[in-house]
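Student: Sharing structure.txt below, compact mmCIF, C-alpha atoms:
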```txt
# COMPACT_ATOMS: atom_id res chain seq x y z
CA MET A 19 155.91 -39.45 -18.92
CA PRO A 20 153.43 -36.63 -19.58
CA LEU A 21 150.23 -36.74 -17.55
CA PRO A 22 147.77 -34.56 -19.48
CA PHE A 23 144.97 -35.16 -17.00
CA LEU A 24 147.00 -33.64 -14.17
CA THR A 25 146.87 -30.08 -15.44
CA ALA A 26 144.08 -28.13 -16.98
CA ASP A 27 144.55 -26.56 -20.35
CA ARG A 28 146.30 -23.23 -20.19
CA ALA A 29 143.57 -21.70 -22.34
CA PHE A 30 141.28 -21.53 -19.30
CA ASP A 31 143.74 -19.15 -17.65
CA THR A 32 143.79 -16.64 -20.48
CA THR A 33 142.08 -13.29 -20.24
CA ASP A 34 140.82 -13.70 -23.78
CA ASP A 35 137.21 -12.68 -24.43
CA THR A 36 136.36 -15.92 -26.23
CA ALA A 37 134.46 -18.25 -23.95
CA LEU A 38 135.71 -21.49 -25.48
CA PRO A 39 139.20 -20.77 -26.84
CA PHE A 40 139.89 -24.23 -28.24
CA ASP A 41 140.48 -25.52 -31.72
CA ASP A 42 139.80 -29.14 -30.81
CA ARG A 43 136.57 -29.12 -28.81
CA ASP A 44 136.06 -32.87 -29.29
CA ARG A 45 138.85 -33.65 -26.82
CA TRP A 46 137.78 -34.21 -23.21
CA ARG A 47 139.35 -31.63 -20.91
CA ARG A 48 139.07 -30.58 -17.30
CA PRO A 49 138.28 -26.86 -17.03
CA TYR A 50 140.33 -26.44 -13.85
CA ARG A 51 143.51 -27.67 -12.23
CA PRO A 52 143.35 -30.37 -9.58
CA GLY A 53 143.49 -28.90 -6.11
CA PRO A 54 146.32 -29.27 -3.61
CA TRP A 55 144.36 -31.72 -1.47
CA ARG A 56 143.76 -34.08 -4.39
CA VAL A 57 147.37 -33.86 -5.55
CA GLY A 58 148.70 -34.29 -2.01
CA ILE A 59 146.62 -37.39 -1.32
CA ALA A 60 147.70 -38.91 -4.65
CA ALA A 61 151.33 -38.09 -3.83
CA VAL A 62 151.03 -39.94 -0.53
CA TRP A 63 149.60 -42.98 -2.37
CA LEU A 64 152.49 -42.85 -4.85
CA LEU A 65 155.01 -42.54 -2.02
CA LEU A 66 153.50 -45.61 -0.38
CA ALA A 67 153.66 -47.41 -3.74
CA SER A 68 157.37 -46.61 -4.02
CA PHE A 69 158.04 -48.23 -0.64
CA VAL A 70 156.01 -51.28 -1.64
CA LEU A 71 157.95 -51.53 -4.93
CA PHE A 72 161.20 -51.35 -2.99
CA ALA A 73 159.92 -54.14 -0.75
CA ALA A 74 159.06 -56.19 -3.84
CA VAL A 75 162.63 -55.85 -5.10
CA ILE A 76 164.04 -56.90 -1.72
CA ILE A 77 161.67 -59.88 -1.56
CA ALA A 78 162.61 -60.88 -5.10
CA LEU A 79 166.34 -60.78 -4.25
CA THR A 80 166.10 -62.58 -0.93
CA GLY A 81 162.91 -64.59 -1.01
CA THR A 82 160.52 -66.16 -3.42
CA VAL A 83 159.58 -64.75 -6.78
CA SER A 84 155.89 -65.48 -6.18
CA GLY A 85 155.92 -63.40 -2.98
CA ALA A 86 157.60 -60.56 -4.85
CA GLY A 87 154.95 -60.82 -7.56
CA VAL A 88 152.17 -60.41 -4.99
CA VAL A 89 153.83 -57.36 -3.45
CA PHE A 90 154.47 -55.95 -6.94
CA GLY A 91 150.75 -56.38 -7.69
CA ILE A 92 149.90 -54.46 -4.52
CA ALA A 93 152.19 -51.64 -5.66
CA LEU A 94 150.48 -51.53 -9.05
CA ALA A 95 147.11 -51.32 -7.31
CA LEU A 96 148.35 -48.37 -5.21
CA ILE A 97 149.56 -46.60 -8.36
CA ALA A 98 146.19 -47.21 -10.04
CA VAL A 99 144.40 -45.70 -7.03
CA ALA A 100 146.61 -42.59 -7.14
CA LEU A 101 146.05 -42.10 -10.87
CA ARG A 102 142.28 -42.54 -10.51
CA LEU A 103 142.26 -39.92 -7.75
CA LEU A 104 144.07 -37.51 -10.05
CA ARG A 105 141.67 -38.22 -12.90
CA SER A 106 138.55 -37.59 -10.80
CA GLY A 107 136.59 -34.45 -11.52
CA VAL A 108 134.41 -32.83 -14.15
CA TRP A 109 135.41 -33.05 -17.81
CA VAL A 110 133.83 -31.25 -20.77
CA SER A 111 133.93 -31.61 -24.54
CA SER A 112 131.62 -30.99 -27.47
CA GLN A 113 130.00 -34.39 -26.80
CA GLY A 114 128.84 -33.58 -23.28
CA LEU A 115 129.64 -33.33 -19.63
CA ARG A 116 131.48 -36.15 -17.86
CA GLN A 117 131.79 -36.60 -14.12
CA VAL A 118 134.61 -38.94 -13.17
CA ARG A 119 134.41 -40.25 -9.62
CA PHE A 120 136.58 -42.87 -7.98
CA HIS A 121 134.29 -45.84 -8.74
CA LEU A 122 131.96 -44.40 -11.36
CA THR A 123 132.04 -42.29 -14.50
CA ARG A 124 128.88 -40.66 -15.85
CA THR A 125 128.56 -38.87 -19.15
CA VAL A 126 125.59 -36.71 -20.08
CA PRO A 127 125.27 -35.46 -23.68
CA TRP A 128 124.70 -31.73 -24.02
CA ASP A 129 121.24 -32.24 -25.52
CA LYS A 130 120.12 -33.81 -22.22
CA VAL A 131 121.57 -31.01 -20.07
CA GLY A 132 118.86 -28.56 -19.04
CA ALA A 133 121.04 -26.22 -17.02
CA VAL A 134 124.21 -26.06 -14.98
CA ARG A 135 124.00 -23.62 -12.10
CA THR A 136 125.70 -22.66 -8.87
CA VAL A 137 123.58 -22.99 -5.74
CA GLN A 138 124.12 -22.34 -2.04
CA GLN A 139 123.53 -25.57 -0.10
CA PRO A 140 125.06 -27.88 2.51
CA VAL A 141 128.03 -29.67 0.90
CA ARG A 142 130.27 -32.49 2.06
CA TRP A 143 133.66 -31.47 3.42
CA LEU A 144 136.40 -33.34 1.47
CA GLY A 145 133.88 -36.06 0.65
CA LEU A 146 133.44 -36.99 4.30
CA PRO A 147 130.01 -37.35 5.94
CA ARG A 148 130.34 -33.97 7.65
CA THR A 149 128.47 -31.21 5.81
CA VAL A 150 129.12 -27.49 5.85
CA GLN A 151 127.41 -24.58 4.14
CA GLY A 152 128.96 -23.88 0.75
CA GLN A 153 128.40 -23.49 -2.95
CA ALA A 154 127.81 -26.34 -5.34
CA LEU A 155 127.66 -26.63 -9.10
CA VAL A 156 124.65 -28.80 -9.95
CA LEU A 157 123.33 -30.22 -13.20
CA VAL A 158 119.65 -30.12 -14.05
CA ARG A 159 118.70 -32.61 -16.76
CA ARG A 160 116.07 -31.94 -19.43
CA ASP A 161 114.71 -35.44 -19.17
CA ARG A 162 114.25 -36.94 -15.74
CA SER A 163 114.85 -40.48 -17.04
CA GLY A 164 118.30 -40.91 -15.54
CA GLY A 165 117.71 -38.83 -12.44
CA ASP A 166 119.84 -35.88 -11.48
CA MET A 167 123.58 -36.24 -11.44
CA PRO A 168 125.20 -35.76 -8.09
CA THR A 169 126.73 -32.40 -7.34
CA LEU A 170 129.46 -31.69 -9.90
CA LEU A 171 131.75 -29.39 -7.92
CA THR A 172 131.69 -27.87 -4.45
CA THR A 173 133.67 -25.23 -2.63
CA HIS A 174 134.72 -27.84 -0.06
CA ASN A 175 135.86 -30.78 -2.20
CA ALA A 176 139.48 -31.86 -2.71
CA ASP A 177 139.93 -29.47 -5.65
CA PHE A 178 138.54 -26.25 -4.20
CA LEU A 179 138.90 -26.33 -0.41
CA ALA A 180 140.03 -22.80 0.57
CA ARG A 181 140.14 -21.81 -3.15
CA VAL A 182 136.83 -20.02 -3.71
CA GLU A 183 138.14 -18.01 -6.67
CA ALA A 184 139.23 -21.20 -8.42
CA PHE A 185 135.78 -22.69 -7.80
CA ASP A 186 134.12 -19.62 -9.31
CA ARG A 187 136.33 -19.80 -12.43
CA ALA A 188 135.72 -23.54 -12.86
CA ALA A 189 131.96 -23.21 -12.32
CA ASP A 190 131.78 -20.32 -14.79
CA SER A 191 133.74 -22.32 -17.34
CA VAL A 192 131.46 -25.37 -17.06
CA GLU A 193 128.41 -23.10 -17.27
CA VAL A 194 129.79 -21.51 -20.46
CA TRP A 195 130.27 -24.95 -22.02
CA ALA A 196 126.71 -25.87 -21.02
CA ASP A 197 125.31 -22.63 -22.46
CA GLU A 198 127.26 -23.00 -25.69
CA TYR A 199 126.43 -26.63 -26.40
CA GLY A 200 123.11 -26.83 -24.55
CA ARG A 201 121.54 -24.34 -26.96
CA ARG A 202 122.49 -26.51 -29.93
CA GLY A 203 120.71 -29.59 -28.53
```
Represent the structure from my file as structure tokens, please.

Tutor:
Amino acid sequence: MPLPFLTADRAFDTTDDTALPFDDRDRWRRPYRPGPWRVGIAAVWLLLASFVLFAAVIIALTGTVSGAGVVFGIALALIAVALRLLRSGVWVSSQGLRQVRFHLTRTVPWDKVGAVRTVQQPVRWLGLPRTVQGQALVLVRRDRSGGDMPTLLTTHNADFLARVEAFDRAADSVEVWADEYGRRG
């Protein structure tokens, strides 16, 4: 089963001079690959789901079908959590900028995006309460009606921990999308 949200488009890895080398810019795409921390955590959730599915089969063969159904539902919930973790991140298209978090998805049209810039600030380490000094990609809105979006990307989140070059490429790519479509709005 192909999982298109798991990998970034290969066009972001090209050394082509075109900033947005896509024919279909209406399709939502992540301008970077998920990091090893995010993929590893999702893999652990999927491994746990496989054990729970195995337990559901054993319960179905030896016990009650209703008990197996409950355990099967738990396994489906674990799979949904793993897929949502993999889907989390920043997505771009010609319609706007979308930040997908675990519980919340926010989309800002390009005409409401004032600027996207990289700043040096304290950032959360792997989403935990501990903060460290790092870089963050932040969105500044033209209208202050919806408030500022939370930090889009950081050098210490699950995608870019110990991958500063990947953070720089992803931040540059999102900034190029913002420059290209922000001018039109």

Student: My list of candidates is A:Ala93, A:Leu179, A:Leu170, A:Val57. Which is closest to A:Leu115 when distances are computed with all atoms listed in the file?

Tutor: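 Closest to A:Leu115, using all atoms listed in the file: A:Leu170.
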
Student: Quick one: residues within 12 Å of A:Val118, all atoms listed in the file, excluding same-chain residues fewer than 2 positions away - as a VMD selection string?

Tutor: chain A and resid 23 46 to 48 102 to 110 115 to 116 120 to 126 167 to 171

Student: Just want the 8 Å neighbourhood of A:Val137, counted on only C-alpha atoms, with same-chain residues fewer than 2 positions away dropped. Output as a compact mmCIF listing (two decimals) with C-alpha atoms, in the coordinates of the input.

Tutor:
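Result file is selection_2.txt:
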```txt
# COMPACT_ATOMS: atom_id res chain seq x y z
CA ARG A 135 124.00 -23.62 -12.10
CA GLN A 139 123.53 -25.57 -0.10
CA GLN A 153 128.40 -23.49 -2.95
CA ALA A 154 127.81 -26.34 -5.34
CA LEU A 155 127.66 -26.63 -9.10
CA VAL A 156 124.65 -28.80 -9.95
```

Student: Report, in Å to a single decimal, how far apart atom CA of A:Val134 and atom CA of A:Asp161 are.

Tutor: 14.0 Å

Student: Neighbouring residues of stretch 141-146 of chain A were defined as those with any atom within 6 Å, considering only C-alpha atoms; residues of the same chain fewer than 5 positions away were excluded. Please report them as a ChimeraX atom specification.

Tutor: /A:152,174-176

Student: Can you tell me, as a ChimeraX atom specification, which residues sit within 12 Å of (122.2, -27.9, -23.2) in the file's frame, using all atoms listed in the file?

Tutor: /A:112-115,126-134,157-161,192-203

Student: Using only C-alpha atoms, what residues lie at most 8 Å away from (155.5, -49.7, -4.2) (file coordinates), given as a ChimeraX atom specification?

Tutor: /A:64-74,89-90,92-94,96-97

Student: Do you have the atom CA of A:Arg181-atom CA of A:Pro54 distance handy?

Tutor: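 For atom CA of A:Arg181 relative to atom CA of A:Pro54, the distance reads 9.7 Å.
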
Student: Using only C-alpha atoms, can you tell me which of A:Thr173, A:Ala61, A:Val182, A:Thr136 comes closest to A:Thr149?

Tutor: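 Checking each candidate against A:Thr149, we get A:Thr173 as the closest.
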
Student: Hey, can I get the axis-aligned box for stretch 152-163 of chain A? All listed atoms, 8 Å padding on each side, centre and edge lengths in Å to one decimal, as JSON.

Tutor:
```
{"center_x": 121.6, "center_y": -32.0, "center_z": -9.3, "size_x": 30.7, "size_y": 33.0, "size_z": 36.2}
```

Student: Could you check how far atom CA of A:Asp177 sits from atom CA of A:Ile59, in Å to one decimal?

Tutor: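 Here the two named atoms are 11.2 Å from each other.
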
Student: Tell me which of A:Arg119, A:Ala180, A:Ser111, A:Gly87 sits closest to A:Val99, counting all atoms listed in the file.

Tutor: A:Arg119
